[in-house]
Amino acid sequence: MPELPEVEVSRLGLLPFLPGQAIVGAIVRTPKLRHEIPLGLASRLTGLRVDAIARRGKYLLLDCASARGGGWLLLHLGMSGSLRLVPPDTPAQKHDHFDLLFSRTVLRLRDPRRFGALLWHEGADVDRHPLLAALGIEPLSDAFDGDWLHAATRGRRVPVKPLLMDSRLVVGIGNIYAAESLFHAGISPLRASDRISQRRYRLLADSIRSTLEASIAAGGSSVRDYVHSDGGAGSFQLSCAVYDRRGEPCPSCLRPVRAIRQAGRSTFYCPACQR
Ligand SMILES: [Zn+2]
């Protein structure tokens, strides 16, 4: 499943090509992905210009708001979505649901499992879109640090790992990133969120940021005109210390990595190194 780093890599991959370009048309080949695709989307988009590409959580946001009647195109890659830039008149394949046409290139959305989303927000204030308004802090933003995490978790007795994965608190920390970040910070995934010191939350925030950035850097190196997001395990060649390594030696103490179920998800950690 595309995670925050894959979406950010897609954004970075599109940046050299789309901003400043006029939309000359759009083709919607399917009426519904996770949500209905808005009726008349293609005619709304035609004639607008993409001014910028932003990201909020795992949503890619194409800013087409500068013209009268403009707005934002929201794209979510769901479980299996990918974006690529193809030359005009490239024949569509089976799962190619949407094309955004520019004079010299086509942005194409492929999504075999159709859990992605393609939505329109009229006007400039995209943060008010119902799917974005409830989202928590961005982990790569300046506002996100250990002091913020410490303050936000006071009175929260829920174990720290499911809380980190709650997008109402902080967006984009999927299962792999939660497991790896907690390992590098030496914090047990089972520890109650309000029983972690400010000092340890600073380690955790740094660890979350560096884990996400390492994954973005790994994916970024492979991006050229092909904007990729894999439908597999959900991370680029991120070398995991504990994730999916049940029974293998902990890279720090060599004791076996433990796997448990937690809030319906598999959790991997080292009981010796993580307290
Ligand atoms: Zn260990």
# chains A, B, ... in the order shown; residues from 1 in each chain; ligands from 1
>>> residues_near_ligand(ligand="ligand 1", cutoff="8 Å", atoms="only C-alpha atoms and all ligand atoms", output="PyMOL selection string")
chain A and resi 249-257+270-274
>>> select_by_dssp(residues="region 21-247 of chain A", states="alpha helix (DSSP H)", output="MDAnalysis selection string")
chainID A and resid 41:45 130:133 146:152 160:164 175:185 198:220
>>> select_by_dssp(residues="region 31-224 of chain A", states="strand (DSSP E)", output="PyMOL selection string")
chain A and resi 52-56+59-64+71-76+82-86+96-101+106-110+117-122
>>> closest_residue(among="A:Leu39, A:Ala218, A:Ala117, A:Leu77", to="Glu3 (chain A)", atoms="only C-alpha atoms")
A:Leu77
>>> closest_residue(among="A:Arg104, A:Arg113, A:Arg200, A:Arg245", to="Val24 (chain A)", atoms="only C-alpha atoms")
A:Arg104
>>> closest_residue(among="A:Gly13, A:Arg68, A:Leu135, A:Trp148", to="Arg84 (chain A)", atoms="only C-alpha atoms")
A:Gly13
>>> closest_residue(among="A:His184, A:His35, A:Lys161, A:Arg195", to="Ile208 (chain A)", atoms="only C-alpha atoms")
A:His184
>>> closest_residue(among="A:Glu122, A:Arg29, A:Tyr59, A:Asp111", to="Leu45 (chain A)", atoms="only C-alpha atoms")
A:Glu122
>>> atom_distance(atom1="CA of Arg56 (chain A)", atom2="CA of Ala178 (chain A)")
18.5 Å
>>> closest_residue(among="A:Val106, A:Leu212, A:Ala192, A:Met79", to="Glu8 (chain A)", atoms="only C-alpha atoms")
A:Leu212
>>> residues_around(residues="Pro139 (chain A)", least_positions_apart="5", cutoff="9 Å", atoms="only C-alpha atoms", output="NGL selection string")
:A and (144-145 or 170-173 or 205 or 208-209 or 212)
>>> write_last_selection(atoms="N, CA and C atoms", output="mmCIF file, in the first residue's frame")
data_model
loop_
_atom_site.group_PDB
_atom_site.id
_atom_site.type_symbol
_atom_site.label_atom_id
_atom_site.label_comp_id
_atom_site.auth_asym_id
_atom_site.auth_seq_id
_atom_site.Cartn_x
_atom_site.Cartn_y
_atom_site.Cartn_z
ATOM 1 N N PHE A 144 5.984 19.520 14.275
ATOM 2 C CA PHE A 144 5.989 18.188 14.872
ATOM 3 C C PHE A 144 7.341 17.929 15.530
ATOM 4 N N ASP A 145 7.334 17.804 16.841
ATOM 5 C CA ASP A 145 8.569 17.416 17.546
ATOM 6 C C ASP A 145 8.190 16.701 18.837
ATOM 7 N N VAL A 170 -1.596 12.189 14.221
ATOM 8 C CA VAL A 170 -0.489 12.490 13.312
ATOM 9 C C VAL A 170 -0.690 11.639 12.061
ATOM 10 N N VAL A 171 -0.490 12.210 10.903
ATOM 11 C CA VAL A 171 -0.790 11.496 9.660
ATOM 12 C C VAL A 171 0.429 10.724 9.144
ATOM 13 N N GLY A 172 0.157 9.669 8.412
ATOM 14 C CA GLY A 172 1.188 9.060 7.577
ATOM 15 C C GLY A 172 2.167 8.128 8.265
ATOM 16 N N ILE A 173 1.921 7.765 9.531
ATOM 17 C CA ILE A 173 2.810 6.798 10.180
ATOM 18 C C ILE A 173 2.144 5.434 10.092
ATOM 19 N N ALA A 205 10.292 11.415 18.098
ATOM 20 C CA ALA A 205 9.973 12.336 16.990
ATOM 21 C C ALA A 205 11.124 12.377 15.985
ATOM 22 N N ILE A 208 11.016 9.122 14.009
ATOM 23 C CA ILE A 208 9.939 9.106 13.005
ATOM 24 C C ILE A 208 10.366 9.896 11.773
ATOM 25 N N ARG A 209 10.896 11.081 12.016
ATOM 26 C CA ARG A 209 11.299 11.935 10.906
ATOM 27 C C ARG A 209 12.405 11.272 10.073
ATOM 28 N N LEU A 212 11.043 8.236 7.990
ATOM 29 C CA LEU A 212 10.283 8.661 6.804
ATOM 30 C C LEU A 212 11.214 9.261 5.759
#
>>> atom_distance(atom1="CA of Leu85 (chain A)", atom2="CA of Glu138 (chain A)")
27.0 Å
>>> residues_around(residues="region 47-49 of chain A", least_positions_apart="3", cutoff="7 Å", atoms="only C-alpha atoms", output="list in words")
Gly20, Gln21, Ala22, Ile23, Val24, Cys64, Ala67 and Gly70 of chain A
>>> write_last_selection(atoms="C-alpha atoms", output="short mmCIF file (atom, residue, chain, number, x, y, z; two decimals), in the first residue's frame")
data_model
loop_
_atom_site.label_atom_id
_atom_site.label_comp_id
_atom_site.auth_asym_id
_atom_site.auth_seq_id
_atom_site.Cartn_x
_atom_site.Cartn_y
_atom_site.Cartn_z
CA GLY A 20 2.58 26.05 -14.57
CA GLN A 21 1.01 23.69 -17.11
CA ALA A 22 -2.49 24.27 -18.50
CA ILE A 23 -4.94 21.37 -18.35
CA VAL A 24 -6.20 20.76 -21.89
CA CYS A 64 -5.83 24.65 -9.70
CA ALA A 67 -8.63 30.87 -11.99
CA GLY A 70 -10.99 26.86 -9.91
#
>>> residues_around(residues="Arg110 (chain A)", least_positions_apart="2", cutoff="12 Å", atoms="only C-alpha atoms", output="ChimeraX atom specification")
/A:28-30,33,75-86,92-99,107-108,112-118,227-231
>>> write_last_selection(atoms="N, CA and C atoms", output="compact mmCIF listing (two decimals), in the first residue's frame")
# COMPACT_ATOMS: atom_id res chain seq x y z
N VAL A 28 -12.27 10.57 -17.69
CA VAL A 28 -12.70 9.73 -16.57
C VAL A 28 -13.25 8.45 -17.17
N ARG A 29 -12.64 7.29 -16.85
CA ARG A 29 -13.07 6.03 -17.46
C ARG A 29 -13.90 5.17 -16.53
N THR A 30 -14.05 5.59 -15.29
CA THR A 30 -14.80 4.78 -14.33
C THR A 30 -15.60 5.75 -13.45
N LEU A 33 -14.37 5.19 -7.64
CA LEU A 33 -13.28 4.47 -7.00
C LEU A 33 -13.76 4.22 -5.57
N LEU A 75 -6.18 13.60 -4.89
CA LEU A 75 -5.88 12.26 -5.37
C LEU A 75 -5.38 11.41 -4.21
N HIS A 76 -5.95 10.22 -4.07
CA HIS A 76 -5.46 9.29 -3.05
C HIS A 76 -5.19 7.96 -3.74
N LEU A 77 -4.07 7.34 -3.43
CA LEU A 77 -3.67 6.13 -4.16
C LEU A 77 -4.23 4.85 -3.56
N GLY A 78 -4.93 4.96 -2.45
CA GLY A 78 -5.61 3.79 -1.89
C GLY A 78 -4.65 2.66 -1.58
N MET A 79 -5.04 1.43 -1.96
CA MET A 79 -4.22 0.24 -1.69
C MET A 79 -3.24 -0.04 -2.82
N SER A 80 -3.60 0.34 -4.03
CA SER A 80 -2.83 -0.16 -5.18
C SER A 80 -2.67 0.89 -6.28
N GLY A 81 -2.93 2.16 -5.94
CA GLY A 81 -2.87 3.18 -6.99
C GLY A 81 -1.45 3.57 -7.34
N SER A 82 -1.28 4.01 -8.57
CA SER A 82 0.00 4.57 -8.98
C SER A 82 -0.25 5.65 -10.02
N LEU A 83 0.67 6.57 -10.09
CA LEU A 83 0.58 7.65 -11.07
C LEU A 83 1.78 7.55 -11.99
N ARG A 84 1.55 7.86 -13.25
CA ARG A 84 2.69 7.95 -14.14
C ARG A 84 2.42 9.03 -15.18
N LEU A 85 3.49 9.52 -15.74
CA LEU A 85 3.39 10.48 -16.84
C LEU A 85 3.67 9.72 -18.12
N VAL A 86 2.76 9.80 -19.07
CA VAL A 86 2.93 9.08 -20.34
C VAL A 86 2.76 10.08 -21.49
N ALA A 92 -4.71 3.42 -23.13
CA ALA A 92 -4.97 3.11 -21.72
C ALA A 92 -5.04 1.61 -21.52
N GLN A 93 -4.56 1.16 -20.38
CA GLN A 93 -4.64 -0.26 -20.02
C GLN A 93 -5.88 -0.46 -19.14
N LYS A 94 -6.07 -1.71 -18.75
CA LYS A 94 -7.30 -2.11 -18.08
C LYS A 94 -7.64 -1.26 -16.85
N HIS A 95 -6.69 -1.01 -15.99
CA HIS A 95 -7.00 -0.35 -14.72
C HIS A 95 -6.66 1.14 -14.72
N ASP A 96 -6.51 1.71 -15.90
CA ASP A 96 -6.22 3.14 -16.00
C ASP A 96 -7.54 3.91 -15.96
N HIS A 97 -7.85 4.50 -14.80
CA HIS A 97 -9.20 5.07 -14.60
C HIS A 97 -9.30 6.54 -14.96
N PHE A 98 -8.16 7.23 -14.97
CA PHE A 98 -8.25 8.68 -15.12
C PHE A 98 -6.99 9.21 -15.80
N ASP A 99 -7.20 10.13 -16.74
CA ASP A 99 -6.09 10.85 -17.37
C ASP A 99 -6.31 12.35 -17.18
N LEU A 107 -0.99 12.81 -17.23
CA LEU A 107 -0.89 12.22 -15.89
C LEU A 107 -1.96 11.14 -15.79
N ARG A 108 -1.52 9.91 -15.58
CA ARG A 108 -2.44 8.76 -15.64
C ARG A 108 -2.51 8.06 -14.29
N PRO A 112 -5.78 -0.89 -9.72
CA PRO A 112 -6.49 -2.17 -9.91
C PRO A 112 -7.54 -2.44 -8.83
N ARG A 113 -7.27 -2.09 -7.59
CA ARG A 113 -8.21 -2.45 -6.52
C ARG A 113 -9.24 -1.36 -6.25
N ARG A 114 -9.09 -0.21 -6.86
CA ARG A 114 -10.09 0.86 -6.80
C ARG A 114 -10.40 1.37 -5.40
N PHE A 115 -9.40 1.36 -4.52
CA PHE A 115 -9.60 1.97 -3.21
C PHE A 115 -9.09 3.41 -3.17
N GLY A 116 -8.59 3.87 -4.29
CA GLY A 116 -8.10 5.24 -4.34
C GLY A 116 -9.25 6.24 -4.41
N ALA A 117 -8.89 7.50 -4.52
CA ALA A 117 -9.93 8.53 -4.57
C ALA A 117 -9.51 9.64 -5.52
N LEU A 118 -10.52 10.23 -6.13
CA LEU A 118 -10.33 11.34 -7.06
C LEU A 118 -11.47 12.30 -6.76
N VAL A 227 6.48 7.97 -12.44
CA VAL A 227 6.15 8.27 -11.04
C VAL A 227 5.60 7.01 -10.43
N HIS A 228 6.36 6.47 -9.53
CA HIS A 228 6.09 5.11 -9.11
C HIS A 228 5.54 5.06 -7.70
N SER A 229 4.65 4.11 -7.48
CA SER A 229 4.35 3.79 -6.10
C SER A 229 4.01 2.32 -6.09
N ASP A 230 4.69 1.55 -5.29
CA ASP A 230 4.53 0.10 -5.43
C ASP A 230 3.28 -0.37 -4.71
N GLY A 231 2.73 -1.46 -5.18
CA GLY A 231 1.52 -2.00 -4.58
C GLY A 231 1.84 -3.08 -3.57
>>> residues_around(residues="Pro189 (chain A)", least_positions_apart="4", cutoff="12 Å", atoms="only C-alpha atoms", output="MDAnalysis selection string")
chainID A and resid 158:165 175 178:185 193 195:196 204 242 258:263 265:271 273:275
>>> write_last_selection(atoms="C-alpha atoms", output="PDB file, in the first residue's frame")
ATOM      1  CA  VAL A 158      -3.763   3.899  24.923  1.00  0.00           C
ATOM      2  CA  PRO A 159      -0.521   2.089  23.958  1.00  0.00           C
ATOM      3  CA  VAL A 160       1.800   4.314  21.989  1.00  0.00           C
ATOM      4  CA  LYS A 161       1.922   2.336  18.740  1.00  0.00           C
ATOM      5  CA  PRO A 162      -1.785   2.446  17.833  1.00  0.00           C
ATOM      6  CA  LEU A 163      -1.840   6.088  18.876  1.00  0.00           C
ATOM      7  CA  LEU A 164       1.025   6.906  16.494  1.00  0.00           C
ATOM      8  CA  MET A 165      -0.930   5.214  13.712  1.00  0.00           C
ATOM      9  CA  ASN A 175       2.648   0.068  10.542  1.00  0.00           C
ATOM     10  CA  ALA A 178       5.604   3.008  13.669  1.00  0.00           C
ATOM     11  CA  ALA A 179       7.468  -0.235  14.400  1.00  0.00           C
ATOM     12  CA  GLU A 180      10.811   1.004  13.149  1.00  0.00           C
ATOM     13  CA  SER A 181      10.579   4.409  14.816  1.00  0.00           C
ATOM     14  CA  LEU A 182       9.695   2.888  18.191  1.00  0.00           C
ATOM     15  CA  PHE A 183      12.615   0.467  17.908  1.00  0.00           C
ATOM     16  CA  HIS A 184      15.116   3.227  17.142  1.00  0.00           C
ATOM     17  CA  ALA A 185      13.772   5.282  20.053  1.00  0.00           C
ATOM     18  CA  SER A 193       1.232   6.935  25.716  1.00  0.00           C
ATOM     19  CA  ARG A 195       3.849   7.136  30.531  1.00  0.00           C
ATOM     20  CA  ILE A 196       6.637   8.244  28.194  1.00  0.00           C
ATOM     21  CA  LEU A 204      10.809   9.223  19.038  1.00  0.00           C
ATOM     22  CA  VAL A 242      12.375  -5.280  13.477  1.00  0.00           C
ATOM     23  CA  ARG A 258       8.997 -10.679  19.016  1.00  0.00           C
ATOM     24  CA  ALA A 259       5.767 -10.480  16.999  1.00  0.00           C
ATOM     25  CA  ILE A 260       2.377  -9.812  18.591  1.00  0.00           C
ATOM     26  CA  ARG A 261      -1.071  -8.649  17.505  1.00  0.00           C
ATOM     27  CA  GLN A 262      -1.989  -5.184  18.671  1.00  0.00           C
ATOM     28  CA  ALA A 263      -5.161  -3.306  17.739  1.00  0.00           C
ATOM     29  CA  ARG A 265      -2.220  -5.209  13.390  1.00  0.00           C
ATOM     30  CA  SER A 266       1.017  -7.139  13.635  1.00  0.00           C
ATOM     31  CA  THR A 267       3.602  -5.505  15.839  1.00  0.00           C
ATOM     32  CA  PHE A 268       7.302  -6.355  15.849  1.00  0.00           C
ATOM     33  CA  TYR A 269       9.666  -5.271  18.617  1.00  0.00           C
ATOM     34  CA  CYS A 270      12.585  -6.233  20.810  1.00  0.00           C
ATOM     35  CA  PRO A 271      11.404  -6.771  24.424  1.00  0.00           C
ATOM     36  CA  CYS A 273      15.789  -2.991  23.876  1.00  0.00           C
ATOM     37  CA  GLN A 274      12.338  -1.415  23.948  1.00  0.00           C
ATOM     38  CA  ARG A 275      10.898  -0.431  27.323  1.00  0.00           C
TER      39      ARG A 275
END
